[in-house]
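Structure below is final-v4.cif: mmCIF, N, CA and C atoms.
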data_start
loop_
_atom_site.label_atom_id
_atom_site.label_comp_id
_atom_site.auth_asym_id
_atom_site.auth_seq_id
_atom_site.Cartn_x
_atom_site.Cartn_y
_atom_site.Cartn_z
N MET A 1 95.85 252.11 70.92
CA MET A 1 96.91 251.22 70.53
C MET A 1 96.74 249.85 71.19
N ILE A 2 96.43 249.81 72.51
CA ILE A 2 96.18 248.54 73.17
C ILE A 2 94.78 248.09 72.79
N SER A 3 94.68 246.89 72.26
CA SER A 3 93.37 246.44 71.81
C SER A 3 92.69 245.50 72.81
N ASN A 4 93.48 244.83 73.65
CA ASN A 4 92.85 243.88 74.57
C ASN A 4 93.84 243.45 75.64
N ILE A 5 93.29 243.05 76.77
CA ILE A 5 94.06 242.39 77.82
C ILE A 5 93.33 241.09 78.08
N LYS A 6 93.97 239.98 77.73
CA LYS A 6 93.32 238.67 77.79
C LYS A 6 93.83 237.86 78.97
N LYS A 7 92.93 237.16 79.61
CA LYS A 7 93.33 236.27 80.69
C LYS A 7 93.93 235.01 80.07
N SER A 8 95.15 234.64 80.50
CA SER A 8 95.79 233.46 79.95
C SER A 8 95.86 232.32 80.96
N GLN A 9 95.99 232.62 82.24
CA GLN A 9 95.95 231.62 83.31
C GLN A 9 95.41 232.29 84.56
N ASN A 10 95.46 231.61 85.70
CA ASN A 10 94.86 232.11 86.93
C ASN A 10 95.22 233.56 87.27
N THR A 11 96.50 233.87 87.34
CA THR A 11 96.91 235.22 87.71
C THR A 11 97.68 235.92 86.61
N ARG A 12 97.56 235.45 85.37
CA ARG A 12 98.28 236.05 84.25
C ARG A 12 97.34 236.63 83.23
N TYR A 13 97.73 237.78 82.71
CA TYR A 13 96.98 238.44 81.64
C TYR A 13 97.96 238.80 80.54
N LYS A 14 97.53 238.68 79.30
CA LYS A 14 98.37 238.98 78.15
C LYS A 14 97.91 240.29 77.52
N ILE A 15 98.86 241.16 77.21
CA ILE A 15 98.56 242.45 76.60
C ILE A 15 98.63 242.31 75.08
N VAL A 16 97.59 242.79 74.39
CA VAL A 16 97.54 242.71 72.93
C VAL A 16 97.38 244.13 72.40
N TRP A 17 98.20 244.50 71.40
CA TRP A 17 98.11 245.83 70.82
C TRP A 17 98.42 245.78 69.33
N LYS A 18 98.15 246.91 68.66
CA LYS A 18 98.43 247.01 67.23
C LYS A 18 99.91 247.33 67.02
N LYS A 19 100.50 246.68 66.06
CA LYS A 19 101.91 246.87 65.75
C LYS A 19 102.15 248.20 65.06
N ASN A 20 103.22 248.87 65.44
CA ASN A 20 103.66 250.09 64.78
C ASN A 20 104.85 249.68 63.91
N LYS A 21 104.70 249.73 62.59
CA LYS A 21 105.73 249.25 61.66
C LYS A 21 107.03 250.04 61.74
N LYS A 22 106.99 251.27 62.20
CA LYS A 22 108.19 252.10 62.28
C LYS A 22 108.94 251.94 63.60
N ALA A 23 108.34 251.26 64.57
CA ALA A 23 108.94 251.14 65.90
C ALA A 23 110.02 250.07 65.96
N ASP A 24 111.04 250.34 66.77
CA ASP A 24 112.08 249.35 67.05
C ASP A 24 111.76 248.56 68.31
N GLY A 25 110.85 249.08 69.13
CA GLY A 25 110.47 248.40 70.36
C GLY A 25 109.36 249.17 71.06
N TYR A 26 108.97 248.68 72.23
CA TYR A 26 107.87 249.26 72.98
C TYR A 26 108.20 249.32 74.46
N LYS A 27 107.61 250.30 75.13
CA LYS A 27 107.71 250.40 76.58
C LYS A 27 106.29 250.30 77.12
N ILE A 28 106.08 249.39 78.05
CA ILE A 28 104.76 249.14 78.61
C ILE A 28 104.80 249.44 80.10
N GLN A 29 103.81 250.17 80.59
CA GLN A 29 103.74 250.47 82.01
C GLN A 29 102.42 249.96 82.57
N ILE A 30 102.49 249.30 83.73
CA ILE A 30 101.34 248.71 84.39
C ILE A 30 101.29 249.28 85.80
N SER A 31 100.13 249.75 86.23
CA SER A 31 100.02 250.37 87.54
C SER A 31 98.63 250.17 88.13
N THR A 32 98.53 250.35 89.43
CA THR A 32 97.22 250.34 90.08
C THR A 32 96.70 251.77 90.22
N SER A 33 97.52 252.75 89.83
CA SER A 33 97.14 254.15 89.86
C SER A 33 96.84 254.64 88.45
N LYS A 34 95.71 255.29 88.26
CA LYS A 34 95.33 255.78 86.93
C LYS A 34 96.33 256.81 86.41
N LYS A 35 96.98 257.54 87.31
CA LYS A 35 97.95 258.55 86.92
C LYS A 35 99.37 257.99 86.86
N PHE A 36 99.54 256.71 87.14
CA PHE A 36 100.83 256.02 87.09
C PHE A 36 101.85 256.70 88.01
N LYS A 37 101.39 257.16 89.17
CA LYS A 37 102.26 257.90 90.08
C LYS A 37 102.76 257.06 91.26
N ASN A 38 102.22 255.87 91.47
CA ASN A 38 102.64 255.10 92.65
C ASN A 38 103.95 254.37 92.41
N ASN A 39 104.58 253.96 93.48
CA ASN A 39 105.88 253.28 93.39
C ASN A 39 105.77 251.83 92.93
N LYS A 40 104.57 251.31 92.89
CA LYS A 40 104.38 249.91 92.52
C LYS A 40 104.14 249.72 91.03
N SER A 41 104.25 250.75 90.24
CA SER A 41 104.03 250.57 88.80
C SER A 41 105.21 249.81 88.20
N LYS A 42 104.90 248.91 87.28
CA LYS A 42 105.91 248.08 86.64
C LYS A 42 106.13 248.59 85.23
N ILE A 43 107.37 248.56 84.79
CA ILE A 43 107.69 248.96 83.42
C ILE A 43 108.42 247.81 82.75
N LYS A 44 107.94 247.45 81.56
CA LYS A 44 108.58 246.42 80.75
C LYS A 44 108.97 247.06 79.43
N GLU A 45 110.18 246.76 79.00
CA GLU A 45 110.62 247.25 77.70
C GLU A 45 110.89 246.04 76.82
N ILE A 46 110.29 246.01 75.66
CA ILE A 46 110.47 244.87 74.76
C ILE A 46 110.92 245.37 73.40
N SER A 47 111.70 244.55 72.72
CA SER A 47 112.26 244.99 71.44
C SER A 47 111.62 244.31 70.25
N THR A 48 110.57 243.56 70.48
CA THR A 48 109.91 242.91 69.36
C THR A 48 108.41 242.83 69.62
N TYR A 49 107.65 242.89 68.56
CA TYR A 49 106.19 242.80 68.67
C TYR A 49 105.73 241.37 68.95
N LYS A 50 106.52 240.39 68.55
CA LYS A 50 106.10 238.99 68.68
C LYS A 50 105.97 238.55 70.13
N PHE A 51 106.71 239.18 71.03
CA PHE A 51 106.64 238.83 72.45
C PHE A 51 105.43 239.52 73.06
N ASN A 52 104.50 238.76 73.59
CA ASN A 52 103.34 239.34 74.28
C ASN A 52 103.58 239.29 75.78
N PRO A 53 103.89 240.42 76.37
CA PRO A 53 104.19 240.41 77.80
C PRO A 53 102.98 240.01 78.63
N LYS A 54 103.25 239.36 79.73
CA LYS A 54 102.18 238.93 80.62
C LYS A 54 102.27 239.70 81.93
N ILE A 55 101.11 239.99 82.50
CA ILE A 55 101.02 240.64 83.79
C ILE A 55 100.82 239.53 84.81
N TYR A 56 101.70 239.44 85.78
CA TYR A 56 101.61 238.39 86.80
C TYR A 56 101.13 238.96 88.13
N GLY A 57 100.52 238.12 88.93
CA GLY A 57 100.20 238.46 90.31
C GLY A 57 99.11 239.49 90.51
N MET A 58 98.16 239.56 89.62
CA MET A 58 97.06 240.50 89.80
C MET A 58 96.19 240.03 90.95
N LYS A 59 95.76 240.97 91.76
CA LYS A 59 94.96 240.64 92.94
C LYS A 59 93.49 240.83 92.66
N LYS A 60 92.67 240.08 93.37
CA LYS A 60 91.22 240.15 93.19
C LYS A 60 90.68 241.53 93.55
N LYS A 61 89.68 241.93 92.80
CA LYS A 61 88.94 243.18 93.02
C LYS A 61 89.83 244.42 93.01
N LYS A 62 90.84 244.42 92.17
CA LYS A 62 91.72 245.58 91.99
C LYS A 62 91.66 246.03 90.55
N SER A 63 91.84 247.29 90.33
CA SER A 63 91.90 247.82 88.97
C SER A 63 93.35 248.02 88.58
N TYR A 64 93.67 247.65 87.36
CA TYR A 64 95.01 247.81 86.83
C TYR A 64 94.94 248.64 85.56
N TYR A 65 95.88 249.54 85.40
CA TYR A 65 95.93 250.41 84.23
C TYR A 65 97.19 250.09 83.44
N VAL A 66 97.04 250.05 82.13
CA VAL A 66 98.14 249.69 81.24
C VAL A 66 98.24 250.75 80.14
N ARG A 67 99.47 251.19 79.88
CA ARG A 67 99.69 252.10 78.76
C ARG A 67 100.97 251.68 78.04
N ILE A 68 101.10 252.11 76.81
CA ILE A 68 102.21 251.67 75.96
C ILE A 68 102.71 252.83 75.10
N ARG A 69 103.99 252.80 74.79
CA ARG A 69 104.54 253.75 73.83
C ARG A 69 105.64 253.06 73.05
N ALA A 70 105.78 253.48 71.81
CA ALA A 70 106.78 252.90 70.92
C ALA A 70 108.06 253.74 71.00
N TYR A 71 109.17 253.10 70.61
CA TYR A 71 110.40 253.85 70.50
C TYR A 71 111.15 253.49 69.22
N LYS A 72 111.98 254.41 68.80
CA LYS A 72 112.82 254.24 67.61
C LYS A 72 114.26 254.47 68.05
N LYS A 73 115.17 253.64 67.60
CA LYS A 73 116.58 253.80 67.96
C LYS A 73 117.26 254.79 67.03
N SER A 74 118.09 255.64 67.61
CA SER A 74 118.89 256.59 66.85
C SER A 74 120.30 256.52 67.43
N GLY A 75 121.14 255.70 66.83
CA GLY A 75 122.46 255.46 67.39
C GLY A 75 122.32 254.68 68.69
N SER A 76 122.86 255.22 69.78
CA SER A 76 122.74 254.56 71.08
C SER A 76 121.55 255.10 71.89
N LYS A 77 120.84 256.09 71.34
CA LYS A 77 119.69 256.69 72.02
C LYS A 77 118.38 256.06 71.56
N LYS A 78 117.38 256.15 72.43
CA LYS A 78 116.02 255.73 72.08
C LYS A 78 115.13 256.96 72.10
N ILE A 79 114.38 257.14 71.03
CA ILE A 79 113.45 258.26 70.94
C ILE A 79 112.05 257.70 71.14
N TYR A 80 111.40 258.15 72.21
CA TYR A 80 110.09 257.61 72.60
C TYR A 80 108.95 258.45 72.04
N GLY A 81 107.87 257.77 71.69
CA GLY A 81 106.64 258.43 71.29
C GLY A 81 105.80 258.74 72.52
N LYS A 82 104.63 259.26 72.31
CA LYS A 82 103.73 259.58 73.42
C LYS A 82 103.09 258.30 73.95
N TRP A 83 102.71 258.34 75.23
CA TRP A 83 101.98 257.22 75.82
C TRP A 83 100.64 257.11 75.13
N LYS A 84 100.21 255.89 74.83
CA LYS A 84 98.94 255.64 74.14
C LYS A 84 97.94 255.02 75.09
N LYS A 85 96.71 255.14 74.74
CA LYS A 85 95.52 254.57 75.38
C LYS A 85 95.77 253.85 76.71
N ILE A 86 95.09 254.31 77.72
CA ILE A 86 95.14 253.66 79.01
C ILE A 86 94.01 252.63 79.06
N SER A 87 94.37 251.40 79.37
CA SER A 87 93.37 250.33 79.49
C SER A 87 93.21 249.97 80.95
N LYS A 88 92.02 249.59 81.33
CA LYS A 88 91.74 249.23 82.71
C LYS A 88 91.24 247.80 82.74
N LYS A 89 91.80 247.01 83.64
CA LYS A 89 91.35 245.63 83.80
C LYS A 89 91.05 245.40 85.27
N THR A 90 89.81 245.07 85.57
CA THR A 90 89.43 244.77 86.93
C THR A 90 89.22 243.28 87.04
N LYS A 91 89.79 242.70 88.03
CA LYS A 91 89.72 241.26 88.22
C LYS A 91 88.68 240.92 89.26
#

File written out as structure tokens:
Amino acid sequence: MISNIKKSQNTRYKIVWKKNKKADGYKIQISTSKKFKNNKSKIKEISTYKFNPKIYGMKKKKSYYVRIRAYKKSGSKKIYGKWKKISKKTK
């Protein structure tokens, strides 16, 4: 699902992925742990595909893992899909 992580400025990277036409929004998780188990993992929730979230403050010679999942709204609840493709970006 994630197709690319592009460098946009010195410490910023932009996440690019394929749009899911049935989704109402996306949940993106960024971590330095491949298993996403550490306390420093960041989660961003966005409600539109047009917004390309940026990763800020990446440190030199570190690996970062990114995964994404779509959600669909059902009343006041959100129904999440499975986490998709883990991407790794080493700076």

May I ask which of the residues A:Lys34, A:Lys44, A:Lys85, A:Lys78 is the closest one to Ser63 (chain A), counting only C-alpha atoms? A:Lys34

For region 65-74 of chain A, please output as a list in words all residues within 6.5 Å (counting all atoms listed in the file; exclusion window: fewer than 6 positions along the same chain).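 After dropping sequence-adjacent residues, the list is Lys22, Ala23, Asp24, Gly25, Tyr26, Lys27, Ile28, Gln29, Ile30, Ser31, Thr32, Ser33, Lys34, Tyr80, Gly81, Lys82, Trp83, Lys84, Lys85, Ile86, Ser87, Lys88 and Lys89 of chain A.
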
Separation of CA of Glu45 (chain A) from atom N of Lys62 (chain A) in Å: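 Result for atom N of Lys62 (chain A) versus CA of Glu45 (chain A): 24.7 Å, one decimal.
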
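Pairwise distance (CA of Ile46 (chain A), CA of Lys14 (chain A)) equals 13.9 Å.
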